Every structure is written in C-alpha cells, then in structure tokens.
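**Q** First the structure, then my questions, so here it is.
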Amino acid sequence: DILGHHMTALILNLEVANHSVRQLDADSGDTQKQRAQEKAQEKVEQALTLAKLLLGDIRTAVSELREDDAIDLLASIEKLTAGIPNIRFEIDFSAAPPLRSVQLAETLLRCVQEAITNIIRHSGADSCGIVLAETDGVCVLTIEDNGVPMTEVVPGNGIRGMRERLDAQGGSLSWELGQSSFTLQIELPAGVNED
C-alpha cells in the first residue's frame, strides 16, 4: 500500500512537471531552448509512462497476493497496456492455450512487461502486437513493434533476466530485426510446473 501511494504521488508530480514543460515550450521563442524543452518533455513523458507501468505492476502483485488465484494473463496484459499513451496495442489470444500454471502465466506476464519497458525506452514505436498461441505443446508468445530499426541488439539486464527465467523453466528467447520492426519470441512448455 505504501509503495502504491508513493508511486501515485510520483505520477502526479510527473504530470505537473510535464504540464510545466509544455507551458515553457509554448512561451519560448528561442529555437535552442525549445529543442532542450522538447527533449526534457520527452524524458518526463517517458518517466511518467514507466511510473504508470510500475504502479500497474504493484497493483497486479497486490491483487495476486490477496486473491492467491491463477493469473488471468489476457486481463493482466490488457490492464498493463491500457494506461500506456502513444502506442497502439493489438492483443491476440485467439489461439492461446488454457494456462493452468500460475508460474507459466506469471513468467509470460513478466516477459511482456519487460518487452513493453524496452519498447518505451528504446524503440520509439507507436504500434505493438502481442500474440499468444500454442504449437505442439509449447506456448509461443510473440511481441512485435514498429520501432526505429536497429542494426544489432545488445542484451541488457532486462533481456538477460528474461533469458535466465526462461532457461530455468526449459523455455527459450529469440528475436528478429526487420527493416521497420523488432520481433521478440518467447517459448515455454505449455505444461510447465502445473499447480
């Protein structure tokens, strides 16, 4: 509860800062100052989005602790993406397997959270597709965005953490760089550690 209150306060302060930067931008006539203020506004908006994402994580965790029930992955992802501005999400669970394992659902959710965080921080994408399907007893989660093309991917802590979590459960992580897209694919055995 304390973390939730602090995150809400942080979000309110970031929204005030964002409004102030916008006002400065509107009042300024100096091109160099305007560029600096636009960059500051971009960083404030990015911080605000990440803070909202973190608040969503906290609420999800608290809800799971209170209910001690299986995760409704689709609902969790829809809730996670609902508060993110400037990115249109298309979520397709039409071929998704029934998730009977809380651990499997939680792992997939954490991977989606990390992927979205990376999209916000690094890609500049305005569209993201999230698809969950099953192939031969394997859950396949595909996350594709239309962000700025990269020449190579240098795995940071987020991708390394995802890979370690997936390796421990017999899963795998791969990605593909397109001309104007980045696709992340997560595979996990559908029956992993059923509760």
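Every chain in the structure tokens has a letter given in the order shown (A, B, ...), and although residue numbers restart at 1 in each chain, ligands are simply numbered from 1 in the order shown.
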Determine which residues of stretch 48-136 of chain A receive a DSSP assignment of strand (DSSP E or B), computed from the backbone, and state them as a PDB file with N, CA and C atoms, in the first residue's frame.
**A**
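The result, stored in selection04.pdb:
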```
ATOM      1  N   ARG A  88      -0.244   1.909 -29.853  1.00  0.00           N
ATOM      2  CA  ARG A  88      -1.476   1.145 -30.081  1.00  0.00           C
ATOM      3  C   ARG A  88      -1.136  -0.337 -29.949  1.00  0.00           C
ATOM      4  N   PHE A  89      -1.827  -1.022 -29.035  1.00  0.00           N
ATOM      5  CA  PHE A  89      -1.565  -2.435 -28.791  1.00  0.00           C
ATOM      6  C   PHE A  89      -2.657  -3.286 -29.434  1.00  0.00           C
ATOM      7  N   GLU A  90      -2.234  -4.348 -30.113  1.00  0.00           N
ATOM      8  CA  GLU A  90      -3.156  -5.344 -30.649  1.00  0.00           C
ATOM      9  C   GLU A  90      -2.817  -6.661 -29.959  1.00  0.00           C
ATOM     10  N   ILE A  91      -3.756  -7.176 -29.179  1.00  0.00           N
ATOM     11  CA  ILE A  91      -3.521  -8.387 -28.395  1.00  0.00           C
ATOM     12  C   ILE A  91      -4.381  -9.505 -28.956  1.00  0.00           C
ATOM     13  N   ASP A  92      -3.731 -10.615 -29.323  1.00  0.00           N
ATOM     14  CA  ASP A  92      -4.448 -11.728 -29.945  1.00  0.00           C
ATOM     15  C   ASP A  92      -4.195 -13.002 -29.129  1.00  0.00           C
ATOM     16  N   PHE A  93      -5.228 -13.468 -28.442  1.00  0.00           N
ATOM     17  CA  PHE A  93      -5.154 -14.707 -27.672  1.00  0.00           C
ATOM     18  C   PHE A  93      -6.081 -15.764 -28.274  1.00  0.00           C
ATOM     19  N   SER A  94      -6.467 -15.588 -29.543  1.00  0.00           N
ATOM     20  CA  SER A  94      -7.453 -16.486 -30.151  1.00  0.00           C
ATOM     21  C   SER A  94      -6.948 -17.926 -30.244  1.00  0.00           C
ATOM     22  N   ALA A  95      -5.632 -18.126 -30.331  1.00  0.00           N
ATOM     23  CA  ALA A  95      -5.075 -19.487 -30.405  1.00  0.00           C
ATOM     24  C   ALA A  95      -4.297 -19.834 -29.138  1.00  0.00           C
ATOM     25  N   SER A 127       3.208   1.231 -32.414  1.00  0.00           N
ATOM     26  CA  SER A 127       2.328   0.078 -32.579  1.00  0.00           C
ATOM     27  C   SER A 127       3.040  -1.173 -32.061  1.00  0.00           C
ATOM     28  N   CYS A 128       2.267  -2.032 -31.385  1.00  0.00           N
ATOM     29  CA  CYS A 128       2.848  -3.254 -30.831  1.00  0.00           C
ATOM     30  C   CYS A 128       1.796  -4.363 -30.867  1.00  0.00           C
ATOM     31  N   GLY A 129       2.196  -5.508 -31.379  1.00  0.00           N
ATOM     32  CA  GLY A 129       1.319  -6.675 -31.397  1.00  0.00           C
ATOM     33  C   GLY A 129       1.792  -7.708 -30.385  1.00  0.00           C
ATOM     34  N   ILE A 130       0.860  -8.266 -29.624  1.00  0.00           N
ATOM     35  CA  ILE A 130       1.176  -9.295 -28.635  1.00  0.00           C
ATOM     36  C   ILE A 130       0.292 -10.502 -28.944  1.00  0.00           C
ATOM     37  N   VAL A 131       0.920 -11.617 -29.303  1.00  0.00           N
ATOM     38  CA  VAL A 131       0.178 -12.810 -29.716  1.00  0.00           C
ATOM     39  C   VAL A 131       0.625 -14.000 -28.867  1.00  0.00           C
ATOM     40  N   LEU A 132      -0.342 -14.722 -28.307  1.00  0.00           N
ATOM     41  CA  LEU A 132      -0.050 -15.959 -27.583  1.00  0.00           C
ATOM     42  C   LEU A 132      -0.745 -17.105 -28.295  1.00  0.00           C
ATOM     43  N   ALA A 133       0.032 -18.150 -28.616  1.00  0.00           N
ATOM     44  CA  ALA A 133      -0.523 -19.321 -29.300  1.00  0.00           C
ATOM     45  C   ALA A 133       0.179 -20.564 -28.760  1.00  0.00           C
ATOM     46  N   GLU A 134      -0.319 -21.722 -29.165  1.00  0.00           N
ATOM     47  CA  GLU A 134       0.312 -22.988 -28.766  1.00  0.00           C
ATOM     48  C   GLU A 134       0.657 -23.785 -30.007  1.00  0.00           C
ATOM     49  N   THR A 135       1.879 -24.320 -30.018  1.00  0.00           N
ATOM     50  CA  THR A 135       2.325 -25.176 -31.107  1.00  0.00           C
ATOM     51  C   THR A 135       2.969 -26.417 -30.508  1.00  0.00           C
TER      52      THR A 135
END
```
**Q** Got a sec: who's within 12 Å of A:Ile186, counting only C-alpha atoms, leaving out chain neighbours fewer than 2 positions off, as a PyMOL selection string?
**A** chain A and resi 104+107-112+115+130-134+138-144+159+162-163+165-167+169-176+183-184+188-190
**Q** In Å, rounded to a single decimal, give me how far atom CA of A:Asp136 is from atom CA of A:Leu99.
**A** 14.9 Å
**Q** Which of these residues is nearest to A:Gln113, using only C-alpha atoms: A:Ala125, A:Ile11, A:Leu73, A:Val16?
**A**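 Of A:Ala125, A:Ile11, A:Leu73, A:Val16, the one nearest A:Gln113, counting only C-alpha atoms, is A:Leu73.
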**Q** Calculate how many Å separate atom CA of A:Glu15 from atom CA of A:Thr49, rounding to one decimal.
**A** 10.1 Å
**Q** Find, counting only C-alpha atoms, the residue in A:Lys39, A:Leu48, A:Ala96, A:Gln34 that gets nearest to A:Leu10.
**A**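 Of A:Lys39, A:Leu48, A:Ala96, A:Gln34, the one nearest A:Leu10, counting only C-alpha atoms, is A:Leu48.
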**Q** DSSP says helix (DSSP H, G or I) for which residues of stretch 47-179 of chain A? Put them as a VMD selection string?
**A** chain A and resid 47 to 67 73 to 82 102 to 123 157 to 168
**Q** Find the residues near A:Ile87: any atom within 12 Å, counting only C-alpha atoms, skip ones fewer than 4 places away on the same chain, and give them as a CSV table (one decimal) with N, CA, C and O atoms, in the first residue's frame.
**A**
```csv
chain,number,residue,atom,x,y,z
A,49,THR,N,5.3,7.4,-18.1
A,49,THR,CA,4.8,6.2,-18.6
A,49,THR,C,5.3,5.0,-17.8
A,49,THR,O,4.6,4.1,-17.5
A,81,THR,N,-1.4,-2.6,-20.6
A,81,THR,CA,-1.2,-1.8,-21.8
A,81,THR,C,-2.2,-0.6,-21.8
A,81,THR,O,-2.0,0.3,-22.5
A,82,ALA,N,-3.3,-0.7,-21.0
A,82,ALA,CA,-4.4,0.3,-21.1
A,82,ALA,C,-3.9,1.7,-20.8
A,82,ALA,O,-4.3,2.7,-21.4
A,83,GLY,N,-2.9,1.9,-19.9
A,83,GLY,CA,-2.5,3.2,-19.5
A,83,GLY,C,-1.3,3.7,-20.2
A,83,GLY,O,-0.7,4.8,-19.8
A,116,ILE,N,7.6,-4.5,-23.1
A,116,ILE,CA,7.0,-3.1,-23.2
A,116,ILE,C,7.9,-2.1,-22.6
A,116,ILE,O,8.0,-1.0,-23.2
A,117,THR,N,8.6,-2.3,-21.5
A,117,THR,CA,9.5,-1.4,-21.0
A,117,THR,C,10.6,-1.0,-22.0
A,117,THR,O,10.9,0.1,-22.2
A,119,ILE,N,10.4,-1.3,-25.3
A,119,ILE,CA,9.8,-0.6,-26.4
A,119,ILE,C,9.7,0.9,-26.0
A,119,ILE,O,10.0,1.7,-26.8
A,120,ILE,N,9.2,1.2,-24.8
A,120,ILE,CA,9.1,2.6,-24.4
A,120,ILE,C,10.4,3.3,-24.3
A,120,ILE,O,10.6,4.4,-24.8
A,123,SER,N,12.6,2.1,-28.5
A,123,SER,CA,12.2,1.9,-29.9
A,123,SER,C,11.6,3.1,-30.6
A,123,SER,O,11.7,3.2,-31.8
A,124,GLY,N,10.8,3.9,-29.8
A,124,GLY,CA,10.0,5.0,-30.5
A,124,GLY,C,8.9,4.4,-31.2
A,124,GLY,O,8.3,5.1,-32.1
A,125,ALA,N,8.5,3.2,-31.0
A,125,ALA,CA,7.3,2.5,-31.7
A,125,ALA,C,6.0,3.2,-31.3
A,125,ALA,O,5.8,3.7,-30.2
A,126,ASP,N,5.1,3.1,-32.3
A,126,ASP,CA,3.7,3.6,-32.0
A,126,ASP,C,2.7,2.5,-32.1
A,126,ASP,O,1.5,2.6,-32.0
A,127,SER,N,3.2,1.2,-32.4
A,127,SER,CA,2.3,0.1,-32.6
A,127,SER,C,3.0,-1.2,-32.1
A,127,SER,O,4.2,-1.3,-32.3
A,128,CYS,N,2.3,-2.0,-31.4
A,128,CYS,CA,2.8,-3.3,-30.8
A,128,CYS,C,1.8,-4.4,-30.9
A,128,CYS,O,0.7,-4.2,-30.4
A,129,GLY,N,2.2,-5.5,-31.4
A,129,GLY,CA,1.3,-6.7,-31.4
A,129,GLY,C,1.8,-7.7,-30.4
A,129,GLY,O,3.0,-8.0,-30.3
A,145,ASP,N,7.0,-4.9,-32.5
A,145,ASP,CA,6.8,-3.5,-32.5
A,145,ASP,C,7.3,-2.9,-33.8
A,145,ASP,O,8.1,-3.5,-34.5
A,146,ASN,N,6.9,-1.7,-34.2
A,146,ASN,CA,7.3,-1.0,-35.4
A,146,ASN,C,8.3,0.1,-35.1
A,146,ASN,O,8.3,1.2,-35.7
A,147,GLY,N,9.2,-0.1,-34.1
A,147,GLY,CA,10.1,1.0,-33.7
A,147,GLY,C,11.2,1.3,-34.7
A,147,GLY,O,11.3,0.7,-35.8
```
**Q** Rounded to one decimal, what separation in Å do you get between atom CA of A:Ala75 and atom CA of A:Ala105?
**A**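 It comes out at 11.4 Å.
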